[in-house]
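What follows is a single structure, written as structure tokens, with notes after it.
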Amino acid sequence: MIIKTPIDLELTQISGQTSQPPWKQVNNSFKEVVQVNDKPVIFDVKQSGEFLDFNFSGEITQKEAISKINYIYDLDFDLNKFYKYLSNHAELSAMPEFCNGLRLFLASNPFECIISSICSANNSIKRWTKSISDIKQKWGTNYHDFYSFPSVQILKDVFLDEEEEFDLSDNNDLCNCSNNLKSCGVGYRAPYMRKASEFFTFEMDFSEIQKMSYDEAFETILKVPGVGPKVADCILLYGFNFREAFPSDVWIKRIVSHLYFDDKDISVPKVREFGMEEFGKNAGYVQLYMFHYARKSGLMKQLKK
């Protein structure tokens with residue numbers, strides 16, 4: 001079926017949003033298993049002109065499937081209205097030309113976004129997406145060669161590294177020690193991932209986050225070991241759809257400084273505060289467009305010098 005809402009599917013998929021790795025590309029389609037009302041469903045999307053061609057396979061209704069795909073790709077968000085907003089800001093007006101059709105790629109599984117966001121810290125897009133894909137294949141459930149993300153209960157009991165796996169394995173003489181988090185290339189982030197799993201098993205339920213105000217949710221997510229302000233904002237934006245989040249790191253700092261502060265050196269916390277105050281409910285989208293505008297326009301290369 002064709003969903004007549006403009007989107008650049010490939011750009012959205014590969015944009016590095018920490019909700020999840022890109023879906024598996026099969027010919028011209030992107031496919032993934034998605035849990036809809038606790039039922040595994042294979043979603044299949046491809047570009048059709050400027051719109052999305054969507055099919056699914058699973059025991060849910062078409063209405064349920066459309067609701068879920070609309071959420072994941074944020075298809076109810078009015079891009080044309082947003083582009084008018086950008087055009088009214090001189091600093092932002094060129095961005096639609098470079099990012100036309102880019103949408104939020106929201107998590108169907110908030111826990112996957114939490115672990116993805118932790119994994120993305122001080123990491124390249126290529127490396128963290130491979131690590132998350134490896135975690136899914138090792139401990140997720142296989143549905144027709146597509147792997148769900150493991151539950152918090154499963155991940156909290158995963159071995160951290162080779163040493164722990166060897167020490168705790170029932171028969172360590174036969175242990176090849178490749179069934180641990182560090183074997184997925186996550187490095188020093190492994191303990192944080194397991195502690196996050198414990199936090200959302202014993203201390204906090206995902207459903208509670210969505211009921212909170214942004215400020216309360218931000219302070220709550222900061223309690224998760226290994227989560228700083230930038231990762232917390234990524235989790236809130238891509239995992240829980242808090243649009244006022246403005247994830248800020250050294251690159252967003254450089255871009256904002258260049259566009260708004262004559263390249264003056266300002267702190268990352270000040271950049272985050274500026275973004276949230278200046279852009280309000282558009283902050284998450286503006287941050288997304290800023291980053292990809294800088295990548296595609298050549299601004300990022302200029303700012304590296």
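Quick note on naming: the chains in the structure tokens go A, B, ... in the order shown, residues restart at 1 in each chain, and ligands are numbered from 1 in order of appearance.
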key: Sel. of strand (DSSP E or B) residues, stretch 50-175 of chain A, as a PyMOL selection string   = chain A and resi 51-57+142-143+146-147+159
message = Taking only stretch 115-180 of chain A into account, list the residues labelled alpha helix (DSSP H) by DSSP (computed from the backbone), as a PyMOL selection string.
response = chain A and resi 115-120+125-139+152-155+162-168
Residue contacts of stretch 223-234 of chain A (9 Å, only C-alpha atoms) excluding same-chain residues fewer than 3 positions away, as number ranges by chain = A: 17-19, 113-114, 117-118, 120-121, 189, 191-193, 195-196, 199-200, 217-220, 237-239, 242, 245-249, 269, 272
query = Got a sec: who's within 9 Å of A:Lys296, counting only C-alpha atoms, leaving out chain neighbours fewer than 4 positions off, as a list in words?
reply =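 Listing them by chain and then by number gives Phe98, Cys99, Phe291, His292 and Met300 of chain A.
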Keeping only C-alpha atoms, take the residues you just selected and write them out as an mmCIF file, in the first residue's frame.
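Printed below is result_18.cif as written:
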data_model
loop_
_atom_site.group_PDB
_atom_site.id
_atom_site.type_symbol
_atom_site.label_atom_id
_atom_site.label_comp_id
_atom_site.auth_asym_id
_atom_site.auth_seq_id
_atom_site.Cartn_x
_atom_site.Cartn_y
_atom_site.Cartn_z
ATOM 1 C CA PHE A 98 20.069 19.224 1.650
ATOM 2 C CA CYS A 99 17.765 17.177 3.896
ATOM 3 C CA PHE A 291 23.721 17.705 11.659
ATOM 4 C CA HIS A 292 22.865 16.372 8.203
ATOM 5 C CA MET A 300 31.335 19.985 8.653
#
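Residues with any atom within 8 Å of A:Thr12, counting only C-alpha atoms and excluding same-chain neighbours fewer than 3 positions away, are A:Ile7, A:Asp8, A:Leu9, A:Ser15, A:Gly101, A:Leu102, A:Arg103, A:Leu104, A:Phe105.
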Selection from above, N, CA, C and O atoms, as a short mmCIF file (atom, residue, chain, number, x, y, z; two decimals), in the first residue's frame, can you write it?
data_model
loop_
_atom_site.label_atom_id
_atom_site.label_comp_id
_atom_site.auth_asym_id
_atom_site.auth_seq_id
_atom_site.Cartn_x
_atom_site.Cartn_y
_atom_site.Cartn_z
N ILE A 7 8.62 11.36 2.18
CA ILE A 7 9.73 10.89 3.00
C ILE A 7 10.88 10.50 2.08
O ILE A 7 10.66 10.04 0.96
N ASP A 8 12.10 10.74 2.55
CA ASP A 8 13.28 10.14 1.92
C ASP A 8 13.66 8.97 2.81
O ASP A 8 14.29 9.13 3.85
N LEU A 9 13.25 7.78 2.39
CA LEU A 9 13.40 6.60 3.23
C LEU A 9 14.86 6.26 3.50
O LEU A 9 15.24 6.00 4.65
N SER A 15 20.57 7.83 8.72
CA SER A 15 20.91 9.12 9.34
C SER A 15 21.55 8.99 10.71
O SER A 15 21.88 9.99 11.33
N GLY A 101 12.92 15.48 2.94
CA GLY A 101 12.33 14.17 3.19
C GLY A 101 12.86 13.44 4.41
O GLY A 101 12.40 12.35 4.74
N LEU A 102 13.83 14.02 5.11
CA LEU A 102 14.39 13.41 6.31
C LEU A 102 13.37 13.50 7.45
O LEU A 102 12.85 14.57 7.75
N ARG A 103 13.10 12.36 8.07
CA ARG A 103 12.16 12.31 9.18
C ARG A 103 12.80 11.67 10.40
O ARG A 103 13.83 10.99 10.29
N LEU A 104 12.18 11.86 11.55
CA LEU A 104 12.58 11.10 12.73
C LEU A 104 12.34 9.62 12.47
O LEU A 104 11.36 9.23 11.83
N PHE A 105 13.26 8.80 12.95
CA PHE A 105 13.20 7.34 12.84
C PHE A 105 13.05 6.84 14.27
O PHE A 105 14.03 6.59 14.97
#
Residue nearest A:Lys211 - candidates A:Ser183, A:Asn241, A:Asp44, A:Pro22, atoms counted: only C-alpha atoms =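 Distance minimum relative to A:Lys211 lands on A:Asn241.
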message = Here is a test: counting only C-alpha atoms, which residue of A:Tyr83, A:Phe159, A:Tyr285, A:Trp139 is nearest to A:Leu106?
response =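 Selected residue with least distance to A:Leu106: A:Tyr285.
Take the candidates A:Trp251, A:Tyr188, A:Trp23, A:Phe240 and check each one against A:Gln210 using only C-alpha atoms; the shortest distance goes to A:Phe240.
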d(atom CA of A:Ser29, atom CA of A:Lys130) in Å = 19.4 Å
task = Find the spatial neighbours of stretch 179-182 of chain A, counting only C-alpha atoms, within a cut-off of 7 Å - ignore same-chain residues fewer than 4 positions away - and output them as a PyMOL selection string.
result = chain A and resi 158-162+165+186-187+190
Store the residues of this selection in a file with N, CA, C and O atoms, as a PDB file, in the first residue's frame.
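Okay, out25.pdb is ready:
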ATOM      1  N   VAL A 158      23.503 -11.292  30.654  1.00  0.00           N
ATOM      2  CA  VAL A 158      24.536 -11.607  29.656  1.00  0.00           C
ATOM      3  C   VAL A 158      25.918 -11.376  30.264  1.00  0.00           C
ATOM      4  O   VAL A 158      26.130 -10.436  31.043  1.00  0.00           O
ATOM      5  N   PHE A 159      26.894 -12.216  29.911  1.00  0.00           N
ATOM      6  CA  PHE A 159      28.267 -12.022  30.372  1.00  0.00           C
ATOM      7  C   PHE A 159      28.822 -10.711  29.817  1.00  0.00           C
ATOM      8  O   PHE A 159      28.530 -10.325  28.681  1.00  0.00           O
ATOM      9  N   LEU A 160      29.665 -10.056  30.628  1.00  0.00           N
ATOM     10  CA  LEU A 160      30.274  -8.804  30.186  1.00  0.00           C
ATOM     11  C   LEU A 160      31.412  -9.040  29.196  1.00  0.00           C
ATOM     12  O   LEU A 160      31.508  -8.359  28.177  1.00  0.00           O
ATOM     13  N   ASP A 161      32.300  -9.977  29.512  1.00  0.00           N
ATOM     14  CA  ASP A 161      33.511 -10.137  28.721  1.00  0.00           C
ATOM     15  C   ASP A 161      33.967 -11.589  28.752  1.00  0.00           C
ATOM     16  O   ASP A 161      33.340 -12.455  29.388  1.00  0.00           O
ATOM     17  N   GLU A 162      35.077 -11.879  28.077  1.00  0.00           N
ATOM     18  CA  GLU A 162      35.596 -13.248  27.985  1.00  0.00           C
ATOM     19  C   GLU A 162      35.938 -13.815  29.360  1.00  0.00           C
ATOM     20  O   GLU A 162      35.671 -14.985  29.655  1.00  0.00           O
ATOM     21  N   GLU A 165      32.789 -14.711  31.242  1.00  0.00           N
ATOM     22  CA  GLU A 165      32.171 -15.867  30.604  1.00  0.00           C
ATOM     23  C   GLU A 165      32.932 -17.149  30.927  1.00  0.00           C
ATOM     24  O   GLU A 165      32.338 -18.193  31.225  1.00  0.00           O
ATOM     25  N   VAL A 186      31.438  -3.556  21.911  1.00  0.00           N
ATOM     26  CA  VAL A 186      30.937  -2.394  22.651  1.00  0.00           C
ATOM     27  C   VAL A 186      31.975  -1.810  23.606  1.00  0.00           C
ATOM     28  O   VAL A 186      31.781  -0.728  24.165  1.00  0.00           O
ATOM     29  N   GLY A 187      33.076  -2.521  23.836  1.00  0.00           N
ATOM     30  CA  GLY A 187      34.167  -1.992  24.646  1.00  0.00           C
ATOM     31  C   GLY A 187      33.758  -1.649  26.059  1.00  0.00           C
ATOM     32  O   GLY A 187      33.036  -2.401  26.728  1.00  0.00           O
ATOM     33  N   ALA A 190      30.126  -1.959  27.905  1.00  0.00           N
ATOM     34  CA  ALA A 190      29.458  -3.202  28.313  1.00  0.00           C
ATOM     35  C   ALA A 190      28.857  -3.125  29.719  1.00  0.00           C
ATOM     36  O   ALA A 190      27.681  -3.461  29.909  1.00  0.00           O
TER      37      ALA A 190
END
inquiry  = At a cut-off of 10 Å, using only C-alpha atoms, what residues contact A:Trp128? Leave out same-chain residues fewer than 3 positions from it and give the result as a list of chain:residue names.
reply    =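 Everything that qualifies: A:Gly16, A:Thr18, A:Gln20, A:Pro21, A:Ile115, A:Ser116, A:Ser117, A:Ile118, A:Cys119, A:Ser120, A:Ala121, A:Asn122, A:Asn123, A:Ser124, A:Ile125, A:Ser131, A:Ile132, A:Ser133, A:Asp134, A:Cys184, A:Gly185, A:Val186.
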remark   = Residue with the minimum atom-to-atom distance to A:Ala90, picked from A:Leu259, A:Lys4, A:Gln62, A:Lys281 with only C-alpha atoms counted, is A:Leu259
ask   = What is the atom CA of A:Val268 to atom CA of A:Glu216 distance in Å?
value =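 Between atom CA of A:Val268 and atom CA of A:Glu216 the gap is 20.6 Å.
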note = Here atom CA of A:Asn80 and atom CA of A:Phe274 stand apart by 24.3 Å
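If you measure from each of A:Asp78, A:Gly58, A:Ile2, A:Glu64 to A:Asn282 using only C-alpha atoms, the closest one turns out to be A:Asp78.
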